[in-house]
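Trainee: Structure incoming, see below.
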Amino acid sequence: MKYILAAFISISTFGGFAQNQKIKSIEVQGKAERTVTPDEIYLRITLKEYKSGGTRVTMNKLESNLVNTLKRMKINRDHLTVDNIYGYNWNWKKKKAEEYLATKSFRLKLGDVKSVNTLIDQLDPEGLNSVNVAEISHSRIDEIRLELKAEALKNAKNKAKYLLEAVDETLGSAVEIQEVNYGYESPIYARNRSFEAESVTAYKSELEFKSIDIKSEFRVVFEIK
């Protein structure tokens with residue numbers, strides 16, 4: 001773990017000690033970081049009704065095709081949920097019910113993006129409006145964050161101990177701990193990532209999705225004995 005050796009030694013007063021008791025202290029920052037490949041990828045799949053030879057291709061047919069495609073690909077149907085539903089009248093002069101074309105978006109959870117090409121290739125290209133990655137995450141992301149918090153605090157302690165030994169001082173207990181917020185908390189969004197609805201029968205993707213960088217950092221003040 002690489003980190004910058006920077007610290008502040010000061011005389012401070014802390015409420016947890018006797019009133020007006022001043023102590024020598026050292027302030028350091030501890031960091032930890034890990035890069036993981038996401039194993040939870042959420043696709044937003046949008047289907048739209050359309051006219052074929054004057055006949056409306058219904059949402060029931062398009063949705064049935066999607067569900068059956070997932071079944072053939074052995075993707076758990078429970079990982080597919082409805083995200084949004086809306087519609088429009090393609091010809092405002094006509095008020096008949098069949099003139100209203102519905103659009104429906106779905107949210108699909110996958111373990112990776114390797115099957116996306118196959119999925120797109122088997123859907124109705126006329127009824128497929130768009131496919132994009134709405135969110136990426138990791139099944140252990142909360143656990144990893146806790147591990148990194150502990151690692152960052154240990155790094156802070158080791159840094160302070162190393163610096164104090166260089167000036168013949170002894171490390172005491174931690175008297176103040178403050179977490180630095182990076183502002184990247186999950187979910188991690190990737191809304192601009194999209195896939196073209198093209199046939200790819202001769203190619204099977206083996207590409208992984210972009211990795212997730214998880215970080216933790218603390219500012220810690222230690223007593224100098």
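The chains in the structure tokens are called A, B, ... from first to last as shown; in each chain the residues are counted from 1, and the ligands are counted from 1 in the order shown.
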If DSSP is run on the backbone, what residues of segment 36-198 of chain A are alpha helix (DSSP H)? A reply as an MDAnalysis selection string would be ideal.
Mentor: chainID A and resid 59:72 116:122 141:166
Trainee: With N, CA and C atoms retained, export the selected residues as a compact mmCIF listing (two decimals), in the first residue's frame.
Mentor:
```txt
# COMPACT_ATOMS: atom_id res chain seq x y z
N MET A 59 -47.34 -5.10 -26.99
CA MET A 59 -46.34 -5.24 -25.94
C MET A 59 -46.34 -6.65 -25.37
N ASN A 60 -47.50 -7.29 -25.34
CA ASN A 60 -47.57 -8.66 -24.85
C ASN A 60 -46.66 -9.58 -25.66
N LYS A 61 -46.68 -9.39 -26.98
CA LYS A 61 -45.84 -10.21 -27.86
C LYS A 61 -44.36 -9.90 -27.65
N LEU A 62 -44.03 -8.63 -27.54
CA LEU A 62 -42.63 -8.23 -27.36
C LEU A 62 -42.09 -8.70 -26.00
N GLU A 63 -42.93 -8.55 -24.96
CA GLU A 63 -42.50 -8.97 -23.62
C GLU A 63 -42.37 -10.49 -23.56
N SER A 64 -43.29 -11.21 -24.20
CA SER A 64 -43.22 -12.67 -24.23
C SER A 64 -41.92 -13.13 -24.91
N ASN A 65 -41.54 -12.45 -25.98
CA ASN A 65 -40.29 -12.78 -26.67
C ASN A 65 -39.10 -12.57 -25.76
N LEU A 66 -39.11 -11.48 -25.00
CA LEU A 66 -38.02 -11.20 -24.07
C LEU A 66 -37.93 -12.27 -22.99
N VAL A 67 -39.07 -12.61 -22.39
CA VAL A 67 -39.09 -13.62 -21.32
C VAL A 67 -38.63 -14.98 -21.84
N ASN A 68 -39.10 -15.36 -23.02
CA ASN A 68 -38.70 -16.65 -23.59
C ASN A 68 -37.23 -16.68 -23.97
N THR A 69 -36.71 -15.54 -24.40
CA THR A 69 -35.28 -15.45 -24.72
C THR A 69 -34.44 -15.68 -23.46
N LEU A 70 -34.84 -15.06 -22.37
CA LEU A 70 -34.12 -15.25 -21.10
C LEU A 70 -34.19 -16.70 -20.66
N LYS A 71 -35.34 -17.34 -20.88
CA LYS A 71 -35.50 -18.75 -20.51
C LYS A 71 -34.55 -19.62 -21.31
N ARG A 72 -34.44 -19.36 -22.63
CA ARG A 72 -33.52 -20.13 -23.46
C ARG A 72 -32.07 -19.92 -23.05
N VAL A 116 -24.76 -10.20 -23.31
CA VAL A 116 -25.59 -9.12 -23.82
C VAL A 116 -25.75 -9.20 -25.34
N ASN A 117 -24.67 -9.48 -26.04
CA ASN A 117 -24.74 -9.58 -27.50
C ASN A 117 -25.75 -10.64 -27.94
N THR A 118 -25.69 -11.80 -27.29
CA THR A 118 -26.62 -12.89 -27.62
C THR A 118 -28.06 -12.49 -27.33
N LEU A 119 -28.27 -11.82 -26.20
CA LEU A 119 -29.61 -11.37 -25.82
C LEU A 119 -30.18 -10.42 -26.87
N ILE A 120 -29.41 -9.42 -27.26
CA ILE A 120 -29.87 -8.43 -28.23
C ILE A 120 -30.18 -9.09 -29.56
N ASP A 121 -29.35 -10.05 -29.95
CA ASP A 121 -29.49 -10.69 -31.26
C ASP A 121 -30.80 -11.48 -31.37
N GLN A 122 -31.36 -11.91 -30.22
CA GLN A 122 -32.56 -12.74 -30.25
C GLN A 122 -33.85 -11.95 -30.03
N ILE A 141 -19.91 -5.68 -2.11
CA ILE A 141 -19.40 -4.31 -2.03
C ILE A 141 -19.44 -3.75 -0.60
N ASP A 142 -20.50 -4.05 0.15
CA ASP A 142 -20.58 -3.56 1.53
C ASP A 142 -19.51 -4.21 2.40
N GLU A 143 -19.31 -5.50 2.22
CA GLU A 143 -18.28 -6.23 2.97
C GLU A 143 -16.89 -5.70 2.61
N ILE A 144 -16.65 -5.45 1.34
CA ILE A 144 -15.36 -4.92 0.91
C ILE A 144 -15.11 -3.54 1.50
N ARG A 145 -16.13 -2.71 1.54
CA ARG A 145 -15.98 -1.38 2.13
C ARG A 145 -15.58 -1.46 3.61
N LEU A 146 -16.19 -2.39 4.34
CA LEU A 146 -15.83 -2.55 5.75
C LEU A 146 -14.38 -3.01 5.89
N GLU A 147 -13.97 -3.93 5.03
CA GLU A 147 -12.58 -4.41 5.06
C GLU A 147 -11.61 -3.27 4.78
N LEU A 148 -11.96 -2.40 3.83
CA LEU A 148 -11.09 -1.29 3.49
C LEU A 148 -11.04 -0.24 4.60
N LYS A 149 -12.13 -0.05 5.30
CA LYS A 149 -12.13 0.87 6.43
C LYS A 149 -11.13 0.41 7.50
N ALA A 150 -11.19 -0.89 7.82
CA ALA A 150 -10.26 -1.44 8.81
C ALA A 150 -8.82 -1.33 8.33
N GLU A 151 -8.61 -1.59 7.04
CA GLU A 151 -7.27 -1.53 6.47
C GLU A 151 -6.74 -0.09 6.49
N ALA A 152 -7.60 0.88 6.18
CA ALA A 152 -7.19 2.28 6.18
C ALA A 152 -6.79 2.74 7.58
N LEU A 153 -7.55 2.31 8.59
CA LEU A 153 -7.22 2.68 9.97
C LEU A 153 -5.90 2.04 10.42
N LYS A 154 -5.67 0.79 10.02
CA LYS A 154 -4.40 0.14 10.35
C LYS A 154 -3.24 0.85 9.67
N ASN A 155 -3.45 1.29 8.43
CA ASN A 155 -2.40 2.03 7.73
C ASN A 155 -2.08 3.35 8.43
N ALA A 156 -3.13 4.01 8.94
CA ALA A 156 -2.93 5.26 9.67
C ALA A 156 -2.11 5.01 10.94
N LYS A 157 -2.45 3.95 11.65
CA LYS A 157 -1.72 3.61 12.87
C LYS A 157 -0.26 3.28 12.57
N ASN A 158 -0.02 2.47 11.54
CA ASN A 158 1.35 2.10 11.18
C ASN A 158 2.16 3.32 10.75
N LYS A 159 1.52 4.23 10.02
CA LYS A 159 2.21 5.44 9.58
C LYS A 159 2.63 6.29 10.78
N ALA A 160 1.68 6.49 11.71
CA ALA A 160 1.97 7.30 12.89
C ALA A 160 3.08 6.67 13.73
N LYS A 161 3.01 5.36 13.90
CA LYS A 161 4.04 4.66 14.68
C LYS A 161 5.41 4.79 14.03
N TYR A 162 5.47 4.65 12.72
CA TYR A 162 6.74 4.76 11.98
C TYR A 162 7.35 6.15 12.14
N LEU A 163 6.51 7.19 12.01
CA LEU A 163 7.01 8.56 12.12
C LEU A 163 7.48 8.88 13.53
N LEU A 164 6.77 8.42 14.54
CA LEU A 164 7.14 8.71 15.92
C LEU A 164 8.42 7.98 16.33
N GLU A 165 8.60 6.77 15.82
CA GLU A 165 9.84 6.04 16.12
C GLU A 165 11.06 6.78 15.59
N ALA A 166 10.87 7.51 14.49
CA ALA A 166 11.98 8.26 13.90
C ALA A 166 12.42 9.42 14.78
```
Trainee: So that I can check the surroundings of Lys109 of chain A, please list as a list in words every protein, DNA and RNA residue that reaches within 6 Å of it, counting only C-alpha atoms and ignoring chain neighbours fewer than 4 positions away.
Mentor: Ile41, Tyr42 and His79 of chain A
Trainee: Asn181 of chain A: which residues within 10 Å, counting only C-alpha atoms, same-chain residues fewer than 4 positions away excluded, as a ChimeraX atom specification?
Mentor: /A:185,215-218
Trainee: Okay, now the selection with all heavy atoms, as a PDB file, in the first residue's frame?
Mentor:
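And here is the file that came out, result27.pdb:
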```pdb
ATOM      1  N   GLU A 185     -20.596   6.702  -3.206  1.00  0.00           N
ATOM      2  CA  GLU A 185     -21.304   5.555  -2.653  1.00  0.00           C
ATOM      3  C   GLU A 185     -22.216   4.901  -3.682  1.00  0.00           C
ATOM      4  O   GLU A 185     -22.745   5.550  -4.573  1.00  0.00           O
ATOM      5  CB  GLU A 185     -22.124   5.986  -1.436  1.00  0.00           C
ATOM      6  CG  GLU A 185     -21.246   6.432  -0.266  1.00  0.00           C
ATOM      7  CD  GLU A 185     -20.347   5.340   0.252  1.00  0.00           C
ATOM      8  OE1 GLU A 185     -20.796   4.181   0.353  1.00  0.00           O
ATOM      9  OE2 GLU A 185     -19.184   5.631   0.548  1.00  0.00           O
ATOM     10  N   LYS A 215     -12.604   2.872  -2.461  1.00  0.00           N
ATOM     11  CA  LYS A 215     -11.586   3.530  -1.636  1.00  0.00           C
ATOM     12  C   LYS A 215     -12.109   3.812  -0.239  1.00  0.00           C
ATOM     13  O   LYS A 215     -13.308   3.947  -0.021  1.00  0.00           O
ATOM     14  CB  LYS A 215     -11.163   4.858  -2.279  1.00  0.00           C
ATOM     15  CG  LYS A 215     -10.602   4.734  -3.682  1.00  0.00           C
ATOM     16  CD  LYS A 215     -10.276   6.104  -4.253  1.00  0.00           C
ATOM     17  CE  LYS A 215      -9.758   6.003  -5.672  1.00  0.00           C
ATOM     18  NZ  LYS A 215      -9.455   7.343  -6.246  1.00  0.00           N
ATOM     19  N   SER A 216     -11.177   3.925   0.684  1.00  0.00           N
ATOM     20  CA  SER A 216     -11.514   4.326   2.045  1.00  0.00           C
ATOM     21  C   SER A 216     -10.360   5.160   2.588  1.00  0.00           C
ATOM     22  O   SER A 216      -9.188   4.854   2.334  1.00  0.00           O
ATOM     23  CB  SER A 216     -11.749   3.100   2.939  1.00  0.00           C
ATOM     24  OG  SER A 216     -12.119   3.508   4.240  1.00  0.00           O
ATOM     25  N   GLU A 217     -10.701   6.215   3.300  1.00  0.00           N
ATOM     26  CA  GLU A 217      -9.661   7.087   3.857  1.00  0.00           C
ATOM     27  C   GLU A 217     -10.132   7.664   5.184  1.00  0.00           C
ATOM     28  O   GLU A 217     -11.304   8.037   5.326  1.00  0.00           O
ATOM     29  CB  GLU A 217      -9.323   8.216   2.881  1.00  0.00           C
ATOM     30  CG  GLU A 217      -8.229   9.144   3.389  1.00  0.00           C
ATOM     31  CD  GLU A 217      -7.842  10.210   2.373  1.00  0.00           C
ATOM     32  OE1 GLU A 217      -8.320  10.130   1.220  1.00  0.00           O
ATOM     33  OE2 GLU A 217      -7.071  11.116   2.727  1.00  0.00           O
ATOM     34  N   PHE A 218      -9.217   7.744   6.144  1.00  0.00           N
ATOM     35  CA  PHE A 218      -9.525   8.300   7.463  1.00  0.00           C
ATOM     36  C   PHE A 218      -8.453   9.300   7.877  1.00  0.00           C
ATOM     37  O   PHE A 218      -7.269   9.127   7.560  1.00  0.00           O
ATOM     38  CB  PHE A 218      -9.589   7.188   8.525  1.00  0.00           C
ATOM     39  CG  PHE A 218     -10.846   6.369   8.479  1.00  0.00           C
ATOM     40  CD1 PHE A 218     -10.930   5.260   7.655  1.00  0.00           C
ATOM     41  CD2 PHE A 218     -11.947   6.695   9.263  1.00  0.00           C
ATOM     42  CE1 PHE A 218     -12.078   4.490   7.601  1.00  0.00           C
ATOM     43  CE2 PHE A 218     -13.108   5.941   9.210  1.00  0.00           C
ATOM     44  CZ  PHE A 218     -13.168   4.830   8.386  1.00  0.00           C
TER      45      PHE A 218
END
```
Trainee: Which is closest to Leu101 of chain A among A:Ile136, A:Val175, A:Val57, A:Val113, if we use only C-alpha atoms?
Mentor: A:Val57
Trainee: Tell me, in Å to one decimal, how far atom CA of Met73 of chain A is from atom CA of Leu123 of chain A.
Mentor: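 It comes out at 12.2 Å.
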